[in-house]
Structure formats: C-alpha cells, structure tokens
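Beneath this line is the structure, given in structure tokens, with notes to follow.
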Amino acid sequence: MELTRRSLLAALGAGTAAALTGCAAGTDAGGSADGPAKGEISLLTPIYEGADGKQLLEGKILPAFRKKYPDVTVKVDYTTYTQLNEKITTALAGGLLPDVLMLGVGWVPPFAAKKVLAELPESLAAKYDYEDRVLEPSRYDGKLYALPTVMATRLVAYRKDHFAAAGIKKPPASLPELRAMAKELTKGDRMGMDPFSIDLRQCWETFLFANGGSLFSADGKKPTFTGQRGVEALQFFKDLSADGSADYAKKTEADAGAATNLQLGKASMMMTGSGLWKQLAEQSPELIEKDLVGAFVLRGRRPAMLTGGTLVCQSARSRHAAAAQALVAHLAAPDNVLAAAKQRATVPGITALRSSSYVKGNKLVDFSVRNLGSACAEGGTPAWMEIREKIKPTLEPAVVGGKSAASAIAELGELAESAISRL
C-alpha cells in the first residue's frame with residue numbers, strides 16, 4: 001500500500017501498531033537513560049538552517065558535546081518546519097525514529113500521548129530559570145517531555161513616524177481602538193494594519209487569545225474557540241478589510257526575505273515577530289538609526305503575545321537513551337540556546353539570558369522577553385497535528401471571500417471535534 005502523508009497522519013491519529021510502538025520488525029525497545037552516555041545517535045532538527053546554522057551546530061555545538069561525551073557520535077538530519085511532521089510520521093511508521101527530535105510548540109501532546117517521546121527528569125527543568133509560560137508547552141499530562149531552546153513571538157510592529165504624523169501618541173489599548181487607528185492611518189496605497197504577513201493560523205490565534213478566548217479545554221478534549229470570542233477574532237479581520245484598512249492580497253511573505261509592508265511604508269502596523277529586527281538591520285537600517293519602528297502587544301480583553309518556538313525532546317525508542325538525554329540537555333544549555341537565538345534572530349527561553357548583549361541589541365527580542373507574562377501558546381490537545389493543518393484553509397474563505405466568520409469557525413470546530421474523537 002502506498003504510504004502517503006494523509007495515511008501517515010491518520011495512522012498517528014488512530015494509533016496503529018506501528019505508530020504506537022514506533023518500531024518495526026527486528027528493532028528493540030528504547031534503552032535506559034541510566035549509565036554512561038555512549039553510542040551513535042541521530043538528531044532531527046528544523047533549525048540551524050543554512051550554512052551559518054550548520055556551521056554553528058556542527059562546528060561549535062556538537063564538537064563541545066563530543067568533547068564532554070567522547071563515546072557519543074551524532075548524526076544530523078536537517079529538515080524544515082514545513083516537512084518536519086511528515087518526516088517524523090514517516091520515521092515513526094518505519095521504526096527509524098531519531099534519538100533526539102526538535103519540535104514546535106504545541107507538538108508535545110500529540111507525540112507524547114502516542115508514547116513517541118521519553119519523559120525527562122524534572123531536574124532538567126529546574127536546572128535553568130525558565131518563565132512558567134515558556135516551560136508549559138514542554139509538558140503533557142503533568143510530565144516533562146521537552147526543554148525549550150529558542151522562541152518565536154508574534155507581536156505588532158508599527159511605524160512611529162506614521163503615528164506621529166497622525167497625532168497618535170501611544171499604541172492602541174483595545175481592539176476597537178486598533179480598528180479606529182487603522183482606519184485613520186490608511187492613506188492611498190498604505191494600509192493602516194497588515195495582520196496577514198504572518199501565517200493566518202497564528203494571526204487568528206493571537207487575536208483569539210487577546211479577545212479572551214482559548215483553543216481547547218484544559219484536558220484537551222473539547223475545542224473552546226467555537227464560541228463568540230473565536231468568531232469575533234475572525235470577524236475582526238473581515239471588518240478591517242471592509243474598512244479598507246487591511247488587504248489579504250497585499251501581505252508580504254517575510255520568511256521569503258522580501259521587504260515587508262512596514263519597511264516599505266505600505267503599512268503603518270503589522271503583525272510580525274522578533275526576526276523582523278534582523279531584517280531591518282540588513283535591508284532598512286535607516287529605520288533603526290532613526291528609531292522609526294516600535295512594537296506593542298495586542299490587547300483586547302487581555303494582552304496576548306503568541307509564543308511559539310523550538311523544543312528539544314528524547315525519543316522513547318532510543319537504544320542509547322543516556323546519550324540522547326545528554327544531547328537534549330546540551331542543546332538546551334544557555335550558551336547553545338543563546339547561539340541558536342542569535343543565528344535565527346529569535347528569543348532565548350532562559351531568563352538569565354535576558355541581560356545578554358544580543359537581547360539588548362535586538363529591540364524586538366528585548367521587547368519579547370520583557371512581555372513574556374503575556375505569552376500564549378498554541379496547541380493543547382493530542383489531536384493538534386491534524387487540527388493545525390486545517391485552520392488556515394478553513395478560515396481563509398471567510399477572510400478573502402463571502403463566507404461568514406461564524407460558519408468558518410463552526411466548520412473548524414466540527415473538524416476539531418472529529419479529530420479529537422479519533423484519539
């Protein structure tokens with residue numbers, strides 16, 4: 001039978017024998033983390049991308065690990081976040097799961113629930129000073145399965161010169177105020193607000209959280225975004241578009257390296273992340289030199305800053321568990337977290353790194369760490385990997401077409417309930 005992406009996801013959701021055990025014929029169960037760290041292990045990672053990332057990992061981080069653990073060798077498998085889930089599910093079905101995996105925020109419950117990940121000792125969580133909200137996505141059912149490395153935040157950047165010209169003295173303190181400011185700042189081909197230059201899933205989630213909503217119940221068994229607050233969050237995009245203050249067709253793909261609407265003066269406010277600062281430094285340094293770019297946390301019924309990122313986990317099937325756990329701890333150590341954050345222009349998850357020159361030198365990173373009290377994470381159910389892929393295509397027709405916000409949210413709720421029912 002042909003092994004497709006859909007069949008793999010279905011296997012993970014339904015819990016077939018291969019997916020649940022993570023082993024194929026002839027493989028042994030995972031080993032104990034007790035004893036000396038030795039053996040050849042594999043690492044699957046969606047970060048350390050490009051020549052700079054590879055040099056950092058293979059030229060600095062792993063040699064330091066090898067010096068400490070000379071009896072361990074590490075084989076690296078690079079991928080992208082777009083391909084990561086498929087790569088894991090393919091390896092899971094084939095019984096060739098890597099010893100150490102780097103996953104996204106929200107990914108721990110789906111894989112921990114299927115016994116893919118090994119529980120980590122609480123001593124690793126206590127070793128460094130993490131913000132509680134940073135560590136939360138590393139847990140499932142009260143147990144630790146991952147350590148945070150770097151975080152990706154979603155905030156609103158704005159042009160201070162546009163605000164000053166309009167006589168606006170401070171960022172909006174509510175969603176109605178944001179809409180009014182966006183209308184006032186819209187002039188000619190300039191949008192007052194560009195919420196769409198980040199992934200629509202993440203954008204809607206940020207507005208949902210700011211509106212006082214949530215994605216799932218505490219036990220992960222029921223979608224909670226289907227109420228009025230989820231509808232209002234999506235309707236807000238439709239209202240911005242109806243006002244002429246936002247245009248989905250004019251979004252910029254920041255990940256592709258193109259200059260953003262904010263840089264080009266085509267938007268006065270824009271949903272973005274801390275990586276924008278590096279892009280400004282490389283492409284539009286005058287905006288930094290003249291202090292023309294500021295940031296604020298989206299505020300509705302509460303302040304909300306969507307915080308994703310990369311977590312490092314140990315496979316439950318590793319035959320060299322002590323070596324795998326040692327590598328998890330090494331990749332999450334402060335020096336290596338800081339180096340990875342610098343390379344990717346992201347936010348280090350360890351509190352002690354707040355005072356580093358890197359954090360202080362990147363104003364959007366510094367802003368992010370100072371506002372981690374407003375951090376909100378996506379996920380929260382073992383069915384997340386199936387649900388997350390359906391959010392954008394289900395909500396997009398309401399943003400770009402005539403579908404109502406209520407019907408789009410209702411459809412997404414039905415899809416979520418169906419996915420959860422198959423757990």
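To be explicit about the labels: the chains of the structure tokens are called A, B, and onward in the order shown, and within each one the residues are counted from 1, while ligands get numbers from 1 in the order they are shown.
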
| field | Shell of 9 Å around stretch 130-134 of chain A, only C-alpha atoms, local chain residues under 2 positions omitted, as a PyMOL selection string | value | chain A and resi 125-126+128+136-138+148+151+307+349-352+372-377

| request: Mind the document's chain letters and residue numbers, and return as a PyMOL selection string the residues of stretch 96-326 of chain A that DSSP labels strand (DSSP E or B). | output: chain A and resi 100-104+117+130+139-140+143-144+146-159+187+190-191+194+216+223+267+269-272+293-296+298-299+303-315

| Residue nearest A:Ser214 among A:Val365, A:Leu175, A:Leu240, A:Ala304 (counting only C-alpha atoms) |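 Of the candidates, the smallest distance to A:Ser214 is held by A:Ala304.
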
| request: Identify all residues of stretch 17-202 of chain A in helix (DSSP H, G or I) (DSSP on the backbone) and supply them as a ChimeraX atom specification. | output: /A:17-21,50-68,81-94,108-113,122-127,132-138,160-165,175-185,200-202

| Residues at most 6 Å from stretch 256-273 of chain A, counting only C-alpha atoms, excluding those fewer than 5 positions away in the same chain, as a PyMOL selection string? | chain A and resi 153-159+190-195

Could those selected residues go to a file with all heavy atoms, as a JSON list (two decimals), in the first residue's frame?
```
[["chain", "number", "residue", "atom", "x", "y", "z"],
["A", 153, "THR", "N", 8.13, 34.84, 18.77],
["A", 153, "THR", "CA", 6.98, 35.60, 19.28],
["A", 153, "THR", "C", 6.23, 36.26, 18.14],
["A", 153, "THR", "O", 6.77, 36.49, 17.06],
["A", 153, "THR", "CB", 7.45, 36.67, 20.27],
["A", 153, "THR", "OG1", 8.44, 37.50, 19.64],
["A", 153, "THR", "CG2", 8.05, 36.03, 21.50],
["A", 154, "ARG", "N", 4.95, 36.57, 18.40],
["A", 154, "ARG", "CA", 4.12, 37.29, 17.45],
["A", 154, "ARG", "C", 3.60, 38.55, 18.13],
["A", 154, "ARG", "O", 2.90, 38.48, 19.14],
["A", 154, "ARG", "CB", 2.96, 36.40, 16.97],
["A", 154, "ARG", "CG", 3.44, 35.21, 16.13],
["A", 154, "ARG", "CD", 4.04, 35.66, 14.82],
["A", 154, "ARG", "NE", 4.54, 34.54, 14.01],
["A", 154, "ARG", "CZ", 5.83, 34.30, 13.80],
["A", 154, "ARG", "NH1", 6.74, 35.07, 14.38],
["A", 154, "ARG", "NH2", 6.20, 33.30, 13.05],
["A", 155, "LEU", "N", 3.99, 39.67, 17.59],
["A", 155, "LEU", "CA", 3.66, 40.97, 18.18],
["A", 155, "LEU", "C", 3.25, 41.92, 17.06],
["A", 155, "LEU", "O", 3.20, 41.53, 15.89],
["A", 155, "LEU", "CB", 4.88, 41.50, 18.94],
["A", 155, "LEU", "CG", 6.24, 41.35, 18.23],
["A", 155, "LEU", "CD1", 6.53, 42.53, 17.31],
["A", 155, "LEU", "CD2", 7.36, 41.20, 19.25],
["A", 156, "VAL", "N", 2.96, 43.16, 17.42],
["A", 156, "VAL", "CA", 2.61, 44.16, 16.41],
["A", 156, "VAL", "C", 3.72, 45.21, 16.36],
["A", 156, "VAL", "O", 4.03, 45.83, 17.38],
["A", 156, "VAL", "CB", 1.27, 44.85, 16.71],
["A", 156, "VAL", "CG1", 0.87, 45.74, 15.53],
["A", 156, "VAL", "CG2", 0.17, 43.82, 16.99],
["A", 157, "ALA", "N", 4.33, 45.36, 15.20],
["A", 157, "ALA", "CA", 5.30, 46.44, 14.99],
["A", 157, "ALA", "C", 4.59, 47.60, 14.32],
["A", 157, "ALA", "O", 3.62, 47.40, 13.58],
["A", 157, "ALA", "CB", 6.46, 45.95, 14.13],
["A", 158, "TYR", "N", 5.05, 48.80, 14.58],
["A", 158, "TYR", "CA", 4.40, 49.98, 13.99],
["A", 158, "TYR", "C", 5.42, 51.04, 13.62],
["A", 158, "TYR", "O", 6.53, 51.08, 14.16],
["A", 158, "TYR", "CB", 3.34, 50.55, 14.93],
["A", 158, "TYR", "CG", 3.90, 51.21, 16.19],
["A", 158, "TYR", "CD1", 4.07, 52.59, 16.26],
["A", 158, "TYR", "CD2", 4.22, 50.45, 17.31],
["A", 158, "TYR", "CE1", 4.57, 53.20, 17.41],
["A", 158, "TYR", "CE2", 4.71, 51.05, 18.47],
["A", 158, "TYR", "CZ", 4.88, 52.42, 18.51],
["A", 158, "TYR", "OH", 5.38, 53.02, 19.64],
["A", 159, "ARG", "N", 5.03, 51.88, 12.69],
["A", 159, "ARG", "CA", 5.87, 52.99, 12.24],
["A", 159, "ARG", "C", 5.60, 54.21, 13.13],
["A", 159, "ARG", "O", 4.52, 54.80, 13.09],
["A", 159, "ARG", "CB", 5.59, 53.29, 10.79],
["A", 159, "ARG", "CG", 6.09, 52.24, 9.81],
["A", 159, "ARG", "CD", 7.63, 52.26, 9.69],
["A", 159, "ARG", "NE", 8.08, 53.50, 9.13],
["A", 159, "ARG", "CZ", 8.39, 53.67, 7.83],
["A", 159, "ARG", "NH1", 8.28, 52.65, 7.00],
["A", 159, "ARG", "NH2", 8.80, 54.83, 7.38],
["A", 190, "ARG", "N", -1.40, 52.91, 1.30],
["A", 190, "ARG", "CA", -0.87, 52.48, 2.59],
["A", 190, "ARG", "C", -1.97, 51.92, 3.47],
["A", 190, "ARG", "O", -2.99, 52.58, 3.70],
["A", 190, "ARG", "CB", -0.20, 53.66, 3.30],
["A", 190, "ARG", "CG", 0.49, 53.25, 4.61],
["A", 190, "ARG", "CD", 1.08, 54.46, 5.31],
["A", 190, "ARG", "NE", 0.09, 55.22, 6.04],
["A", 190, "ARG", "CZ", 0.29, 56.45, 6.53],
["A", 190, "ARG", "NH1", 1.45, 57.05, 6.31],
["A", 190, "ARG", "NH2", -0.66, 57.06, 7.20],
["A", 191, "MET", "N", -1.78, 50.69, 3.93],
["A", 191, "MET", "CA", -2.73, 50.07, 4.85],
["A", 191, "MET", "C", -2.44, 50.54, 6.27],
["A", 191, "MET", "O", -1.29, 50.70, 6.67],
["A", 191, "MET", "CB", -2.60, 48.55, 4.80],
["A", 191, "MET", "CG", -2.91, 47.92, 3.47],
["A", 191, "MET", "SD", -2.66, 46.10, 3.51],
["A", 191, "MET", "CE", -0.85, 46.03, 3.52],
["A", 192, "GLY", "N", -3.51, 50.73, 7.02],
["A", 192, "GLY", "CA", -3.31, 51.07, 8.42],
["A", 192, "GLY", "C", -2.81, 49.89, 9.22],
["A", 192, "GLY", "O", -2.04, 50.04, 10.17],
["A", 193, "MET", "N", -3.24, 48.69, 8.82],
["A", 193, "MET", "CA", -2.87, 47.47, 9.55],
["A", 193, "MET", "C", -2.66, 46.32, 8.58],
["A", 193, "MET", "O", -3.49, 46.09, 7.70],
["A", 193, "MET", "CB", -3.98, 47.11, 10.56],
["A", 193, "MET", "CG", -3.76, 45.81, 11.31],
["A", 193, "MET", "SD", -2.38, 45.93, 12.46],
["A", 193, "MET", "CE", -2.36, 44.28, 13.18],
["A", 194, "ASP", "N", -1.55, 45.62, 8.74],
["A", 194, "ASP", "CA", -1.30, 44.40, 7.98],
["A", 194, "ASP", "C", -1.20, 43.24, 8.96],
["A", 194, "ASP", "O", -0.13, 42.98, 9.51],
["A", 194, "ASP", "CB", 0.01, 44.54, 7.19],
["A", 194, "ASP", "CG", 0.39, 43.25, 6.47],
["A", 194, "ASP", "OD1", -0.44, 42.32, 6.44],
["A", 194, "ASP", "OD2", 1.53, 43.16, 5.97],
["A", 195, "PRO", "N", -2.31, 42.54, 9.20],
["A", 195, "PRO", "CA", -2.25, 41.39, 10.11],
["A", 195, "PRO", "C", -1.88, 40.09, 9.41],
["A", 195, "PRO", "O", -1.67, 39.07, 10.07],
["A", 195, "PRO", "CB", -3.69, 41.32, 10.63],
["A", 195, "PRO", "CG", -4.52, 41.80, 9.49],
["A", 195, "PRO", "CD", -3.68, 42.82, 8.76]]
```

| request: Could you give me, as a VMD selection string, the residues within 7 Å of stretch 97-106 of chain A, counting only C-alpha atoms and dropping anything in the same chain fewer than 3 positions from it? | output: chain A and resid 41 to 46 88 91 to 92 109 137 308 to 315 318 324 328 377 to 380

Export, as a PDB file, in the first residue's frame, the selected residues with C-alpha atoms.
```pdb
ATOM      1  CA  ILE A  41      22.630   8.754  17.964  1.00  0.00           C
ATOM      2  CA  SER A  42      20.675  10.812  15.452  1.00  0.00           C
ATOM      3  CA  LEU A  43      19.253  14.329  15.672  1.00  0.00           C
ATOM      4  CA  LEU A  44      16.349  15.626  13.604  1.00  0.00           C
ATOM      5  CA  THR A  45      16.205  19.411  13.555  1.00  0.00           C
ATOM      6  CA  PRO A  46      14.260  22.120  11.707  1.00  0.00           C
ATOM      7  CA  ILE A  88       8.592  12.287  11.917  1.00  0.00           C
ATOM      8  CA  ALA A  91      10.165   7.627  10.518  1.00  0.00           C
ATOM      9  CA  LEU A  92       7.597   6.539  13.089  1.00  0.00           C
ATOM     10  CA  PRO A 109       0.949  16.419  23.499  1.00  0.00           C
ATOM     11  CA  PRO A 137       4.407  23.628  26.250  1.00  0.00           C
ATOM     12  CA  GLY A 308       5.956  29.514  19.539  1.00  0.00           C
ATOM     13  CA  GLY A 309       9.437  28.160  19.170  1.00  0.00           C
ATOM     14  CA  THR A 310      11.515  25.020  19.147  1.00  0.00           C
ATOM     15  CA  LEU A 311      11.630  22.346  21.846  1.00  0.00           C
ATOM     16  CA  VAL A 312      14.158  19.525  22.110  1.00  0.00           C
ATOM     17  CA  CYS A 313      12.943  16.021  23.036  1.00  0.00           C
ATOM     18  CA  GLN A 314      14.258  12.500  23.515  1.00  0.00           C
ATOM     19  CA  SER A 315      12.756   9.619  21.567  1.00  0.00           C
ATOM     20  CA  SER A 318      16.293   5.421  21.518  1.00  0.00           C
ATOM     21  CA  ALA A 324      20.162  11.057  23.766  1.00  0.00           C
ATOM     22  CA  VAL A 328      18.873  17.146  24.893  1.00  0.00           C
ATOM     23  CA  ALA A 377       0.978  29.119  23.181  1.00  0.00           C
ATOM     24  CA  GLU A 378      -0.920  27.221  20.519  1.00  0.00           C
ATOM     25  CA  GLY A 379      -1.813  23.543  20.793  1.00  0.00           C
ATOM     26  CA  GLY A 380      -3.208  21.901  23.907  1.00  0.00           C
TER      27      GLY A 380
END
```

| What's the 10 Å shell around A:Pro70, counting only C-alpha atoms, without same-chain residues fewer than 3 positions away, as JSON, numbers by chain? | {"A": [37, 38, 39, 63, 64, 65, 66, 67, 73]}

| said: Let me make sure I understand: among A:Arg139, A:Lys250, A:Lys183, A:His162, which one has the smallest atom-to-atom distance to A:Ser197 if we use only C-alpha atoms? | reply: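 Counting only C-alpha atoms, the residue closest to A:Ser197 is A:Lys250.
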
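Our summary of the geometry notes that atom CA of A:Ala333 is positioned 13.3 Å from atom CA of A:Lys60.
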